[in-house]
$ cat entry.cif   # mmCIF, C-alpha atoms
data_target
#
loop_
_atom_site.label_atom_id
_atom_site.label_comp_id
_atom_site.auth_asym_id
_atom_site.auth_seq_id
_atom_site.Cartn_x
_atom_site.Cartn_y
_atom_site.Cartn_z
CA MET A 1 24.56 33.85 22.78
CA ALA A 2 21.69 36.29 22.94
CA SER A 3 19.35 35.68 25.82
CA ILE A 4 16.47 33.46 24.95
CA PHE A 5 14.03 35.18 27.25
CA LYS A 6 13.69 38.64 28.68
CA GLU A 7 12.98 39.54 32.27
CA THR A 8 9.40 40.68 31.82
CA GLN A 9 7.07 41.43 34.71
CA SER A 10 5.38 38.06 34.51
CA ILE A 11 8.74 36.30 34.45
CA LYS A 12 9.76 38.21 37.56
CA GLU A 13 6.60 37.09 39.33
CA ALA A 14 6.99 33.51 38.19
CA VAL A 15 10.62 33.41 39.30
CA ALA A 16 9.59 34.57 42.75
CA PHE A 17 7.16 31.68 43.06
CA ILE A 18 9.64 29.22 41.57
CA ASN A 19 12.32 30.18 44.06
CA ALA A 20 9.91 29.51 46.89
CA ILE A 21 9.11 25.95 45.82
CA ASP A 22 10.80 23.04 47.56
CA VAL A 23 13.65 21.91 45.33
CA ASN A 24 12.71 18.23 45.14
CA LYS A 25 9.13 19.01 44.24
CA PHE A 26 10.39 21.43 41.64
CA SER A 27 12.65 18.83 40.14
CA ARG A 28 9.77 16.43 39.68
CA LEU A 29 7.62 19.17 38.20
CA ILE A 30 10.16 20.12 35.58
CA SER A 31 10.69 16.49 34.57
CA ARG A 32 6.99 16.10 34.10
CA ILE A 33 6.70 19.25 32.00
CA ILE A 34 9.60 18.39 29.75
CA GLN A 35 8.07 14.99 29.03
CA LYS A 36 4.88 16.48 27.74
CA LEU A 37 6.34 19.42 25.93
CA HIS A 38 6.33 17.93 22.43
CA LEU A 39 2.62 17.23 22.53
CA LYS A 40 1.11 20.38 21.18
CA GLY A 41 -2.32 21.27 22.43
CA GLU A 42 -2.39 18.80 25.25
CA ARG A 43 -2.60 19.84 28.85
CA ILE A 44 0.56 19.17 30.76
CA LEU A 45 -1.35 18.26 33.87
CA SER A 46 -4.88 17.01 34.28
CA GLU A 47 -7.41 19.03 36.30
CA ASP A 48 -6.99 16.60 39.17
CA GLU A 49 -3.21 16.76 39.14
CA GLU A 50 -3.30 20.55 39.09
CA LEU A 51 -5.46 20.62 42.20
CA LYS A 52 -3.16 18.22 44.01
CA LEU A 53 -0.17 20.27 42.99
CA GLN A 54 -1.74 23.47 44.22
CA ALA A 55 -2.05 21.87 47.63
CA ALA A 56 1.41 20.34 47.59
CA LEU A 57 3.14 23.56 46.62
CA SER A 58 0.78 25.80 48.54
CA LEU A 59 0.13 27.88 45.48
CA GLU A 60 -3.15 29.38 44.38
CA LYS A 61 -4.44 28.45 40.96
CA PRO A 62 -3.30 31.64 39.13
CA ALA A 63 0.15 31.31 40.66
CA LEU A 64 0.48 27.67 39.68
CA THR A 65 -0.69 28.41 36.15
CA LEU A 66 1.92 31.15 35.87
CA VAL A 67 4.66 28.85 37.08
CA LEU A 68 3.65 26.09 34.66
CA GLU A 69 3.44 28.46 31.73
CA THR A 70 6.73 30.12 32.51
CA VAL A 71 8.65 26.89 32.94
CA SER A 72 7.13 25.61 29.69
CA PHE A 73 8.06 28.81 27.94
CA ILE A 74 11.66 28.68 29.13
CA LEU A 75 11.99 25.10 28.00
CA GLU A 76 10.38 25.82 24.62
CA GLN A 77 12.85 28.60 24.04
CA ALA A 78 15.69 26.36 25.10
CA VAL A 79 14.56 23.80 22.54
CA TYR A 80 14.02 26.37 19.81
CA HIS A 81 17.52 27.73 20.11
CA ASN A 82 19.03 24.43 21.17
CA VAL A 83 20.94 26.11 23.97
CA LYS A 84 23.73 24.40 25.80
CA PRO A 85 23.06 23.56 29.45
CA ALA A 86 25.73 25.96 30.66
CA SER A 87 24.22 28.79 28.69
CA LEU A 88 20.79 28.00 30.03
CA GLN A 89 22.04 28.13 33.59
CA GLN A 90 23.63 31.52 33.00
CA GLN A 91 20.45 32.96 31.55
CA LEU A 92 18.31 31.62 34.35
CA GLU A 93 20.53 33.19 36.94
CA ALA A 94 20.39 36.42 34.93
CA VAL A 95 16.65 36.59 35.62
CA HIS A 96 17.27 35.86 39.28
CA VAL A 97 16.35 32.21 39.47
CA SER A 98 18.03 30.88 42.61
CA PRO A 99 21.21 28.89 41.97
CA GLU A 100 19.77 25.64 43.28
CA LYS A 101 16.69 25.94 41.07
CA ALA A 102 18.83 26.91 38.09
CA GLU A 103 20.88 23.81 38.75
CA VAL A 104 17.75 21.64 38.69
CA PHE A 105 16.61 23.29 35.45
CA THR A 106 19.97 22.73 33.83
CA GLN A 107 20.28 19.12 34.97
CA THR A 108 16.88 18.24 33.60
CA TRP A 109 17.64 20.03 30.38
CA ALA A 110 20.96 18.24 29.98
CA THR A 111 19.37 14.82 30.38
CA ALA A 112 16.03 15.16 28.65
CA GLY A 113 16.74 18.05 26.29
CA PRO A 114 18.50 16.31 23.41
CA GLU A 115 15.74 13.70 23.19
CA LEU A 116 13.10 16.40 23.06
CA VAL A 117 14.94 18.26 20.31
CA ASP A 118 15.17 15.05 18.34
CA LYS A 119 11.50 14.31 18.78
CA LEU A 120 10.58 17.75 17.54
CA ARG A 121 12.94 17.40 14.59
CA GLN A 122 10.96 14.38 13.48
CA THR A 123 7.67 16.25 13.61
CA VAL A 124 6.89 17.49 10.15
CA PHE A 125 3.67 18.92 8.84
CA ALA A 126 2.19 16.25 6.66
CA PRO A 127 -1.31 14.97 6.29
CA LYS A 128 -0.21 11.44 7.07
CA LYS A 129 2.92 9.67 8.07
CA LEU A 130 4.13 6.21 7.22
CA GLU A 131 4.40 4.37 10.49
CA HIS A 132 4.24 0.69 9.76
CA ILE A 133 5.49 -1.52 6.96
CA GLY A 134 4.37 -5.12 6.58
CA TRP A 135 4.47 -7.53 3.70
CA GLN A 136 3.47 -10.93 2.47
CA LEU A 137 4.92 -12.98 -0.38
CA ASN A 138 2.43 -15.22 -2.15
CA LEU A 139 2.62 -17.72 -4.94
CA GLN A 140 -0.49 -17.48 -7.01
CA MET A 141 -1.50 -20.84 -8.38
CA ALA A 142 -4.71 -20.01 -10.22
CA GLN A 143 -7.59 -17.59 -10.53
CA SER A 144 -11.03 -17.64 -12.13
CA SER A 145 -9.68 -16.69 -15.50
CA GLN A 146 -6.38 -18.54 -15.45
CA ALA A 147 -5.29 -21.97 -14.38
CA LYS A 148 -1.78 -23.27 -13.78
CA LEU A 149 -0.12 -20.05 -12.81
CA LYS A 150 3.00 -19.94 -10.78
CA ASP A 151 3.15 -16.24 -10.23
CA PRO A 152 4.87 -14.86 -7.18
CA SER A 153 3.11 -11.81 -5.91
CA ALA A 154 3.84 -9.58 -2.98
CA VAL A 155 1.43 -7.60 -0.89
CA LEU A 156 2.82 -4.54 0.82
CA GLN A 157 1.02 -3.13 3.83
CA LEU A 158 1.59 0.53 4.56
CA GLY A 159 0.30 1.75 7.89
CA LEU A 160 -0.40 5.48 7.78
CA ARG A 161 -1.30 7.69 10.69
CA ALA A 162 -2.72 11.18 10.44
CA GLU A 163 -1.07 13.89 12.51
CA ASP A 164 -3.85 14.28 15.04
CA SER A 165 -5.32 10.83 15.13
CA GLU A 166 -4.56 7.64 16.97
CA ALA A 167 -6.02 5.31 14.37
CA GLN A 168 -3.76 3.78 11.78
CA GLU A 169 -5.02 3.53 8.24
CA ASN A 170 -3.78 0.53 6.27
CA ILE A 171 -3.15 0.53 2.57
CA PHE A 172 -2.58 -2.75 0.77
CA VAL A 173 -0.79 -2.77 -2.55
CA GLU A 174 -0.12 -5.82 -4.67
CA PHE A 175 2.97 -6.21 -6.83
CA SER A 176 4.08 -8.70 -9.41
CA HIS A 177 7.81 -9.39 -9.64
CA GLN A 178 8.24 -6.87 -12.42
CA GLU A 179 6.13 -4.22 -10.69
CA LEU A 180 8.09 -4.64 -7.48
CA LEU A 181 11.34 -4.26 -9.34
CA GLU A 182 10.15 -1.01 -10.88
CA PHE A 183 9.06 0.21 -7.46
CA TYR A 184 12.47 -0.65 -6.03
CA ASN A 185 14.23 1.25 -8.79
CA LYS A 186 12.21 4.34 -7.93
CA LEU A 187 13.15 3.96 -4.26
CA GLU A 188 16.80 3.76 -5.29
CA ILE A 189 16.49 7.08 -7.09
CA VAL A 190 15.04 8.67 -3.97
CA GLN A 191 17.87 7.17 -1.94
CA GLY A 192 20.31 8.76 -4.34
CA GLN A 193 18.76 12.13 -3.57
CA LEU A 194 18.95 11.55 0.16
CA ASP A 195 22.57 10.53 -0.14
CA SER A 196 23.42 13.71 -2.01
CA LEU A 197 22.24 15.73 0.98
CA THR A 198 24.82 14.41 3.40
CA MET B 1 0.45 -56.94 -23.16
CA SER B 2 -0.45 -54.03 -25.23
CA SER B 3 -0.14 -50.72 -23.47
CA HIS B 4 -2.95 -48.29 -23.79
CA GLN B 5 -2.05 -44.82 -24.84
CA THR B 6 -4.39 -43.11 -22.44
CA LYS B 7 -4.87 -39.53 -23.40
CA GLU B 8 -5.11 -36.98 -20.63
CA SER B 9 -8.60 -35.76 -20.04
CA SER B 10 -9.89 -33.08 -22.36
CA PHE B 11 -9.20 -29.46 -21.67
CA LEU B 12 -12.85 -29.27 -20.81
CA GLY B 13 -12.29 -31.49 -17.80
CA GLY B 14 -13.26 -35.01 -16.84
CA ARG B 15 -16.92 -34.40 -17.56
CA ILE B 16 -17.91 -32.45 -20.65
CA PRO B 17 -20.07 -29.49 -19.60
CA PRO B 18 -23.72 -29.95 -20.62
CA GLU B 19 -23.86 -26.85 -22.79
CA VAL B 20 -20.87 -28.09 -24.77
CA GLU B 21 -22.56 -31.46 -25.21
CA SER B 22 -25.71 -29.92 -26.60
CA MET B 23 -23.71 -27.50 -28.74
CA SER B 24 -21.79 -30.32 -30.39
CA ARG B 25 -25.05 -32.22 -30.96
CA TYR B 26 -26.62 -29.26 -32.74
CA LEU B 27 -23.48 -28.47 -34.72
CA LYS B 28 -23.52 -31.98 -36.15
CA ASP B 29 -27.21 -31.71 -36.99
CA ALA B 30 -27.19 -30.99 -40.69
CA SER B 31 -30.87 -30.08 -40.66
CA LEU B 32 -30.08 -27.03 -38.58
CA THR B 33 -28.09 -25.46 -41.41
CA LEU B 34 -25.70 -23.48 -39.26
CA ASP B 35 -23.41 -22.22 -41.96
CA GLN B 36 -19.82 -21.28 -41.34
CA ASP B 37 -20.52 -17.63 -41.94
CA MET B 38 -23.03 -17.52 -39.12
CA PHE B 39 -20.74 -19.57 -36.91
CA ARG B 40 -17.96 -17.06 -37.47
CA LYS B 41 -20.25 -14.15 -36.69
CA ILE B 42 -21.19 -15.75 -33.39
CA LEU B 43 -17.54 -16.54 -32.62
CA LYS B 44 -16.53 -12.96 -33.27
CA ALA B 45 -19.31 -11.62 -31.05
CA LEU B 46 -18.33 -14.00 -28.26
CA ALA B 47 -14.68 -12.99 -28.44
CA SER B 48 -15.71 -9.33 -28.18
CA SER B 49 -17.92 -10.17 -25.26
CA ILE B 50 -15.08 -11.89 -23.45
CA GLU B 51 -12.99 -8.79 -24.06
CA GLY B 52 -15.65 -6.87 -22.18
CA ARG B 53 -17.66 -5.27 -24.94
CA ASP B 54 -21.44 -5.30 -24.92
CA CYS B 55 -22.59 -7.64 -27.66
CA ARG B 56 -26.27 -7.94 -26.98
CA GLU B 57 -27.22 -5.94 -30.05
CA VAL B 58 -25.01 -8.03 -32.31
CA MET B 59 -26.34 -11.27 -30.84
CA ARG B 60 -29.89 -10.10 -31.24
CA ARG B 61 -29.33 -9.37 -34.93
CA ILE B 62 -27.70 -12.75 -35.45
CA ALA B 63 -30.63 -14.47 -33.76
CA GLU B 64 -33.12 -12.56 -35.89
CA SER B 65 -31.37 -13.31 -39.17
CA SER B 66 -31.11 -17.01 -38.44
CA VAL B 67 -33.68 -19.70 -39.21
CA ILE B 68 -32.43 -21.79 -36.30
CA PRO B 69 -34.96 -21.93 -33.48
CA GLU B 70 -33.96 -19.62 -30.62
CA GLU B 71 -33.67 -22.32 -28.01
CA LYS B 72 -31.24 -24.40 -30.02
CA LEU B 73 -29.28 -21.33 -30.98
CA SER B 74 -28.87 -20.35 -27.37
CA HIS B 75 -27.47 -23.80 -26.55
CA ILE B 76 -24.99 -23.43 -29.39
CA VAL B 77 -23.91 -20.00 -28.24
CA ALA B 78 -23.57 -21.14 -24.62
CA GLY B 79 -21.48 -24.13 -25.65
CA MET B 80 -19.23 -22.03 -27.87
CA TYR B 81 -18.71 -19.54 -25.06
CA ARG B 82 -17.77 -22.32 -22.68
CA VAL B 83 -15.27 -23.84 -25.12
CA LEU B 84 -13.59 -20.46 -25.58
CA THR B 85 -13.38 -19.52 -21.92
CA GLU B 86 -12.13 -22.91 -20.78
CA ALA B 87 -9.45 -22.96 -23.45
CA ILE B 88 -8.25 -19.43 -22.68
CA ARG B 89 -7.88 -20.31 -19.01
CA ILE B 90 -5.15 -22.82 -19.70
CA PRO B 91 -1.78 -21.33 -20.62
CA THR B 92 -0.60 -22.06 -24.16
CA SER B 93 2.42 -23.80 -22.68
CA SER B 94 0.10 -26.48 -21.30
CA LEU B 95 -2.61 -26.73 -23.90
CA LYS B 96 -1.17 -26.88 -27.39
CA GLN B 97 -3.21 -26.23 -30.48
CA GLU B 98 -3.12 -29.86 -31.63
CA ALA B 99 -4.35 -31.18 -28.31
CA PHE B 100 -7.11 -28.59 -28.33
CA LYS B 101 -8.20 -29.65 -31.80
CA GLU B 102 -8.03 -33.33 -30.83
CA ASP B 103 -10.29 -32.71 -27.85
CA LEU B 104 -12.83 -30.99 -30.07
CA ARG B 105 -12.60 -33.79 -32.65
CA GLU B 106 -13.52 -36.23 -29.91
CA LEU B 107 -16.76 -34.34 -29.55
CA ARG B 108 -17.17 -34.78 -33.31
CA ILE B 109 -17.40 -31.10 -33.98
CA PRO B 110 -17.02 -30.40 -37.72
CA GLU B 111 -13.41 -29.71 -38.71
CA ASP B 112 -14.12 -26.27 -40.15
CA PHE B 113 -15.57 -25.11 -36.90
CA ILE B 114 -12.60 -26.54 -35.04
CA THR B 115 -10.24 -24.48 -37.17
CA ASP B 116 -12.24 -21.36 -36.43
CA PHE B 117 -12.18 -22.06 -32.68
CA ALA B 118 -8.44 -22.55 -32.83
CA SER B 119 -7.90 -19.29 -34.65
CA VAL B 120 -9.46 -17.39 -31.77
CA VAL B 121 -7.84 -19.35 -28.95
CA PHE B 122 -4.38 -19.45 -30.46
CA GLY B 123 -4.49 -16.39 -32.64
CA SER B 124 -3.30 -12.86 -32.19
CA ARG B 125 -6.26 -11.94 -30.05
CA ARG B 126 -5.26 -14.36 -27.30
CA ALA B 127 -3.13 -11.94 -25.30
CA ALA B 128 -5.88 -9.32 -25.22
CA LEU B 129 -8.45 -11.88 -24.12
CA GLU B 130 -6.23 -13.09 -21.30
CA ALA B 131 -5.49 -9.58 -20.12
CA VAL B 132 -9.12 -8.60 -19.86
CA THR B 133 -10.31 -11.72 -18.09
CA SER B 134 -7.40 -11.53 -15.67
CA GLU B 135 -8.35 -8.00 -14.69
CA ARG B 136 -11.77 -9.08 -13.53
CA ASP B 137 -10.36 -11.50 -11.03
CA PRO B 138 -10.08 -10.42 -7.42
CA HIS B 139 -6.86 -8.76 -6.55
CA LEU B 140 -5.66 -6.00 -4.31
CA PRO B 141 -4.98 -2.60 -5.81
CA THR B 142 -1.71 -2.27 -7.65
CA LEU B 143 0.51 0.74 -7.89
CA ASP B 144 -0.42 2.98 -10.80
CA GLU B 145 1.84 5.88 -10.13
CA LEU B 146 4.41 6.90 -7.54
CA ARG B 147 5.44 10.52 -7.16
CA TRP B 148 7.89 11.71 -4.56
CA ARG B 149 9.72 14.65 -3.16
CA VAL B 150 12.70 14.99 -0.88
CA ASP B 151 12.50 17.95 1.49
CA VAL B 152 14.85 19.35 4.05
CA THR B 153 13.11 21.14 6.87
CA ILE B 154 15.29 24.11 7.77
CA SER B 155 13.33 25.36 10.74
CA THR B 156 9.94 25.03 12.33
CA SER B 157 7.99 26.92 14.92
CA SER B 158 9.55 24.64 17.52
CA LEU B 159 13.11 24.50 16.25
CA ALA B 160 15.18 27.29 14.76
CA ARG B 161 17.58 24.81 13.19
CA ALA B 162 15.94 21.55 12.28
CA LEU B 163 17.83 20.48 9.14
CA GLN B 164 15.84 17.32 8.89
CA PRO B 165 15.41 15.58 5.52
CA SER B 166 12.16 13.81 4.79
CA VAL B 167 10.50 12.12 1.87
CA LEU B 168 7.00 12.96 0.72
CA MET B 169 5.25 10.32 -1.36
CA GLN B 170 2.10 10.32 -3.37
CA ILE B 171 0.80 7.00 -4.60
CA LYS B 172 -2.02 6.46 -6.99
CA LEU B 173 -3.52 2.99 -6.87
CA SER B 174 -5.36 1.02 -9.53
CA ASP B 175 -8.62 1.39 -7.60
CA GLY B 176 -8.42 5.13 -8.11
CA SER B 177 -7.42 6.09 -4.61
CA LEU B 178 -4.73 8.67 -4.03
CA GLN B 179 -2.63 8.69 -0.89
CA GLN B 180 -0.13 11.29 0.15
CA PHE B 181 2.09 10.78 3.14
CA GLU B 182 5.41 11.64 4.63
CA VAL B 183 8.04 9.02 5.08
CA PRO B 184 10.62 9.74 7.78
CA VAL B 185 14.11 8.88 6.62
CA SER B 186 14.37 5.93 8.99
CA LYS B 187 11.08 4.49 7.73
CA PHE B 188 12.25 5.01 4.17
CA GLN B 189 15.30 2.89 4.85
CA GLU B 190 13.06 0.25 6.34
CA LEU B 191 10.84 0.34 3.25
CA ARG B 192 13.78 0.02 0.91
CA TYR B 193 15.26 -2.83 2.91
CA ASN B 194 11.98 -4.73 2.99
CA VAL B 195 11.34 -4.33 -0.73
CA ALA B 196 14.85 -5.62 -1.45
CA LEU B 197 14.18 -8.53 0.86
CA ILE B 198 10.95 -9.45 -0.92
CA LEU B 199 12.71 -9.27 -4.28
CA LYS B 200 15.39 -11.61 -3.03
CA GLU B 201 12.78 -14.04 -1.75
CA MET B 202 10.93 -13.86 -5.06
CA ASN B 203 14.11 -14.72 -6.90
CA ASP B 204 14.77 -17.64 -4.60
CA LEU B 205 11.20 -18.82 -5.04
CA GLU B 206 11.37 -18.68 -8.81
CA LYS B 207 14.54 -20.70 -8.83
CA LYS B 208 13.07 -23.55 -6.84
CA SER B 209 12.87 -26.66 -8.98
CA VAL B 210 9.29 -27.38 -8.07
CA LEU B 211 8.27 -24.35 -10.10
CA LYS B 212 10.14 -25.48 -13.15
CA ILE B 213 7.97 -28.53 -13.59
CA GLN B 214 5.82 -28.03 -16.62
CA ASP B 215 2.26 -29.10 -16.14
#
$ encode --input "entry.cif" --output "structure tokens"
Amino acid sequence: MASIFKETQSIKEAVAFINAIDVNKFSRLISRIIQKLHLKGERILSEDEELKLQAALSLEKPALTLVLETVSFILEQAVYHNVKPASLQQQLEAVHVSPEKAEVFTQTWATAGPELVDKLRQTVFAPKKLEHIGWQLNLQMAQSSQAKLKDPSAVLQLGLRAEDSEAQENIFVEFSHQELLEFYNKLEIVQGQLDSLT
Amino acid sequence: MSSHQTKESSFLGGRIPPEVESMSRYLKDASLTLDQDMFRKILKALASSIEGRDCREVMRRIAESSVIPEEKLSHIVAGMYRVLTEAIRIPTSSLKQEAFKEDLRELRIPEDFITDFASVVFGSRRAALEAVTSERDPHLPTLDELRWRVDVTISTSSLARALQPSVLMQIKLSDGSLQQFEVPVSKFQELRYNVALILKEMNDLEKKSVLKIQD
């Protein structure tokens, strides 16, 4: 397959630094990065962690930043094209990443990669997403305007979460038996559409 | 031993509401000259009012055109309103027309007026009256409209080949609110399963013998 990254100047520099890092430390670093990759806009490492890392790897801040960005970039490209581990290894070696580091890269990718791809597949642009479904079945016995009812009614709770927020917004909808049946029939139509896709 | 045929308490309850008591007193009072025409006008206005229409103007005109002193008239109107609302509350399967009329006869309300009452409570307007009063009771929003879309995401900025189906739903609720949200396929299955489960439970509930008892 076509190479997913070119050997630019900055890649060359980053590779030089990467090759110099102790292999165990590098392994932990990559694992950490790949965990946080799906969270757009969030820092991979906190300020504190970056400082500690600079000391541990004996890298100056600009160098560390370059390494972090480059590793992230390589992984993002790997995800985008969904490359196979073997292919990734080849391409890393093509830009002169040392074999032992390439091995670490590939191992991490093989284990954590598929999960990351899946996670990103689920991310769709939508104002809100349905996260939680709850319900309650009630038997209404009476109300101000009517005595002696025996009406079953269901309350459906839909928990929605906006893309960039932690808070869940709850919507409560009440259904009579007939209304719920109509709702279900609509869901069946949607299911029919989903089935026709596979 | 003779057995008493004890009648169940009136549809108005164990204790007759005070406004109904005073209404029946004034209706029997011949000196008040409440003719049937006027009675029917009031009845019609009250039925409209229960349906939610503003009847202050109509009531004002009735009050002005009547020789009955205002205070007594207001008792009559209050009593009539109470009779109507209490009767409409009880489903027609429980309170039959004859029983309703009997209860009013016990209060010694003139027969003509009883017939007029019955024509409102058991007439064609009944369904509309019930629908309007039921709406005013507290309830959570119901589903007005559901619109949906099934999408397949081909690729995104993160993935060249995503090929992920998803469902987009827009629901409009009876309280006017509009919500649009995406439903991942797995969540959609969960939703469908849960709705089917509730329907099954509703069916089971409705079959239970305790609900079949007529009261």
$ resolve_selection --input "entry.cif" --expression "the PyMOL selection byres ((chain B) within 6 of (chain A))" --output "ChimeraX atom specification"
/B:89-90,133-134,140-142,158-160,162,181-183
$ write_last_selection --input "entry.cif" --atoms "C-alpha atoms" --output "PDB file, in the coordinates of the input"
ATOM      1  CA  ARG B  89      -7.880 -20.310 -19.010  1.00  0.00           C
ATOM      2  CA  ILE B  90      -5.150 -22.820 -19.700  1.00  0.00           C
ATOM      3  CA  THR B 133     -10.310 -11.720 -18.090  1.00  0.00           C
ATOM      4  CA  SER B 134      -7.400 -11.530 -15.670  1.00  0.00           C
ATOM      5  CA  LEU B 140      -5.660  -6.000  -4.310  1.00  0.00           C
ATOM      6  CA  PRO B 141      -4.980  -2.600  -5.810  1.00  0.00           C
ATOM      7  CA  THR B 142      -1.710  -2.270  -7.650  1.00  0.00           C
ATOM      8  CA  SER B 158       9.550  24.640  17.520  1.00  0.00           C
ATOM      9  CA  LEU B 159      13.110  24.500  16.250  1.00  0.00           C
ATOM     10  CA  ALA B 160      15.180  27.290  14.760  1.00  0.00           C
ATOM     11  CA  ALA B 162      15.940  21.550  12.280  1.00  0.00           C
ATOM     12  CA  PHE B 181       2.090  10.780   3.140  1.00  0.00           C
ATOM     13  CA  GLU B 182       5.410  11.640   4.630  1.00  0.00           C
ATOM     14  CA  VAL B 183       8.040   9.020   5.080  1.00  0.00           C
TER      15      VAL B 183
END
$ residues_around --input "entry.cif" --residues "region 78-86 of chain B" --least-positions-apart "3" --cutoff "6 Å" --atoms "all atoms listed in the file" --output "list in words"
Glu19, Val20, Met23, His75 and Arg89 of chain B
$ atom_distance --input "entry.cif" --atom1 "CA of Leu29 (chain A)" --atom2 "CA of Ala102 (chain A)"
13.6 Å
$ residues_around --input "entry.cif" --residues "Ala110 (chain A)" --least-positions-apart "5" --cutoff "10 Å" --atoms "only C-alpha atoms" --output "JSON, numbers by chain"
{"A": [83, 84, 85, 86, 88, 104, 105, 115]}
$ closest_residue --input "entry.cif" --among "B:Ser166, B:Thr92, B:Ser24, B:Ser10" --to "Lys187 (chain B)" --atoms "all atoms listed in the file"
B:Ser166
$ resolve_selection --input "entry.cif" --expression "the PyMOL selection byres ((chain B and resi 38-52) around 9)" --output "number ranges by chain"
B: 34-37, 53-56, 58-59, 62, 66, 77, 80-81, 84-85, 113, 116-117, 120, 125, 128-133
$ residues_around --input "entry.cif" --residues "Val95 (chain A)" --least-positions-apart "4" --cutoff "12 Å" --atoms "all atoms listed in the file" --output "PDB file with C-alpha atoms, in the coordinates of the input"
ATOM      1  CA  SER A   3      19.350  35.680  25.820  1.00  0.00           C
ATOM      2  CA  ILE A   4      16.470  33.460  24.950  1.00  0.00           C
ATOM      3  CA  PHE A   5      14.030  35.180  27.250  1.00  0.00           C
ATOM      4  CA  LYS A   6      13.690  38.640  28.680  1.00  0.00           C
ATOM      5  CA  GLU A   7      12.980  39.540  32.270  1.00  0.00           C
ATOM      6  CA  THR A   8       9.400  40.680  31.820  1.00  0.00           C
ATOM      7  CA  GLN A   9       7.070  41.430  34.710  1.00  0.00           C
ATOM      8  CA  SER A  10       5.380  38.060  34.510  1.00  0.00           C
ATOM      9  CA  ILE A  11       8.740  36.300  34.450  1.00  0.00           C
ATOM     10  CA  LYS A  12       9.760  38.210  37.560  1.00  0.00           C
ATOM     11  CA  GLU A  13       6.600  37.090  39.330  1.00  0.00           C
ATOM     12  CA  ALA A  14       6.990  33.510  38.190  1.00  0.00           C
ATOM     13  CA  VAL A  15      10.620  33.410  39.300  1.00  0.00           C
ATOM     14  CA  ALA A  16       9.590  34.570  42.750  1.00  0.00           C
ATOM     15  CA  ILE A  18       9.640  29.220  41.570  1.00  0.00           C
ATOM     16  CA  ASN A  19      12.320  30.180  44.060  1.00  0.00           C
ATOM     17  CA  ILE A  74      11.660  28.680  29.130  1.00  0.00           C
ATOM     18  CA  LEU A  88      20.790  28.000  30.030  1.00  0.00           C
ATOM     19  CA  GLN A  89      22.040  28.130  33.590  1.00  0.00           C
ATOM     20  CA  GLN A  90      23.630  31.520  33.000  1.00  0.00           C
ATOM     21  CA  GLN A  91      20.450  32.960  31.550  1.00  0.00           C
ATOM     22  CA  PRO A  99      21.210  28.890  41.970  1.00  0.00           C
ATOM     23  CA  LYS A 101      16.690  25.940  41.070  1.00  0.00           C
ATOM     24  CA  ALA A 102      18.830  26.910  38.090  1.00  0.00           C
TER      25      ALA A 102
END
$ atom_distance --input "entry.cif" --atom1 "CA of Asn170 (chain A)" --atom2 "CA of Tyr193 (chain B)"
19.6 Å
$ residues_around --input "entry.cif" --residues "Ile109 (chain B)" --least-positions-apart "3" --cutoff "7 Å" --atoms "all atoms listed in the file" --output "number ranges by chain"
B: 24, 27-28, 104-105, 113-114
$ residues_around --input "entry.cif" --residues "Gly176 (chain B)" --least-positions-apart "2" --cutoff "12 Å" --atoms "only C-alpha atoms" --output "VMD selection string"
chain B and resid 141 to 145 171 to 174 178 to 179
$ atom_distance --input "entry.cif" --atom1 "CA of Leu64 (chain A)" --atom2 "CA of Glu49 (chain A)"
11.5 Å
$ closest_residue --input "entry.cif" --among "A:Val67, A:Glu100, A:Arg32, A:Gln157" --to "Glu169 (chain A)" --atoms "all atoms listed in the file"
A:Gln157
$ axis_aligned_box --input "entry.cif" --around "region 160-169 of chain B" --padding-each-side "5 Å" --output "AutoDock Vina command-line options"
--center_x 11.5 --center_y 18.8 --center_z 6.7 --size_x 22.6 --size_y 27.0 --size_z 26.1
$ closest_residue --input "entry.cif" --among "B:Arg147, B:Val152, B:Ser186, B:Phe122" --to "Met169 (chain B)" --atoms "only C-alpha atoms"
B:Arg147
$ closest_residue --input "entry.cif" --among "B:Glu21, B:Val67, B:Ala196, B:Leu205" --to "Gln140 (chain A)" --atoms "all atoms listed in the file"
B:Leu205
$ closest_residue --input "entry.cif" --among "B:Phe11, B:Thr153, B:Ser22, B:Gln164" --to "Pro91 (chain B)" --atoms "only C-alpha atoms"
B:Phe11
$ closest_residue --input "entry.cif" --among "B:Thr33, B:Pro18, B:Lys101, B:Asp175" --to "His139 (chain B)" --atoms "only C-alpha atoms"
B:Asp175
$ resolve_selection --input "entry.cif" --expression "the PyMOL selection byres ((chain A and resi 28) around 12)" --output "list in words"
Ile21, Asp22, Val23, Asn24, Lys25, Phe26, Ser27, Leu29, Ile30, Ser31, Arg32, Ile33, Ile34, Gln35, Leu53, Leu57, Lys101, Val104, Phe105, Gln107 and Thr108 of chain A
$ write_last_selection --input "entry.cif" --atoms "C-alpha atoms" --output "compact mmCIF listing (two decimals), in the frame of the given file"
# COMPACT_ATOMS: atom_id res chain seq x y z
CA ILE A 21 9.11 25.95 45.82
CA ASP A 22 10.80 23.04 47.56
CA VAL A 23 13.65 21.91 45.33
CA ASN A 24 12.71 18.23 45.14
CA LYS A 25 9.13 19.01 44.24
CA PHE A 26 10.39 21.43 41.64
CA SER A 27 12.65 18.83 40.14
CA LEU A 29 7.62 19.17 38.20
CA ILE A 30 10.16 20.12 35.58
CA SER A 31 10.69 16.49 34.57
CA ARG A 32 6.99 16.10 34.10
CA ILE A 33 6.70 19.25 32.00
CA ILE A 34 9.60 18.39 29.75
CA GLN A 35 8.07 14.99 29.03
CA LEU A 53 -0.17 20.27 42.99
CA LEU A 57 3.14 23.56 46.62
CA LYS A 101 16.69 25.94 41.07
CA VAL A 104 17.75 21.64 38.69
CA PHE A 105 16.61 23.29 35.45
CA GLN A 107 20.28 19.12 34.97
CA THR A 108 16.88 18.24 33.60
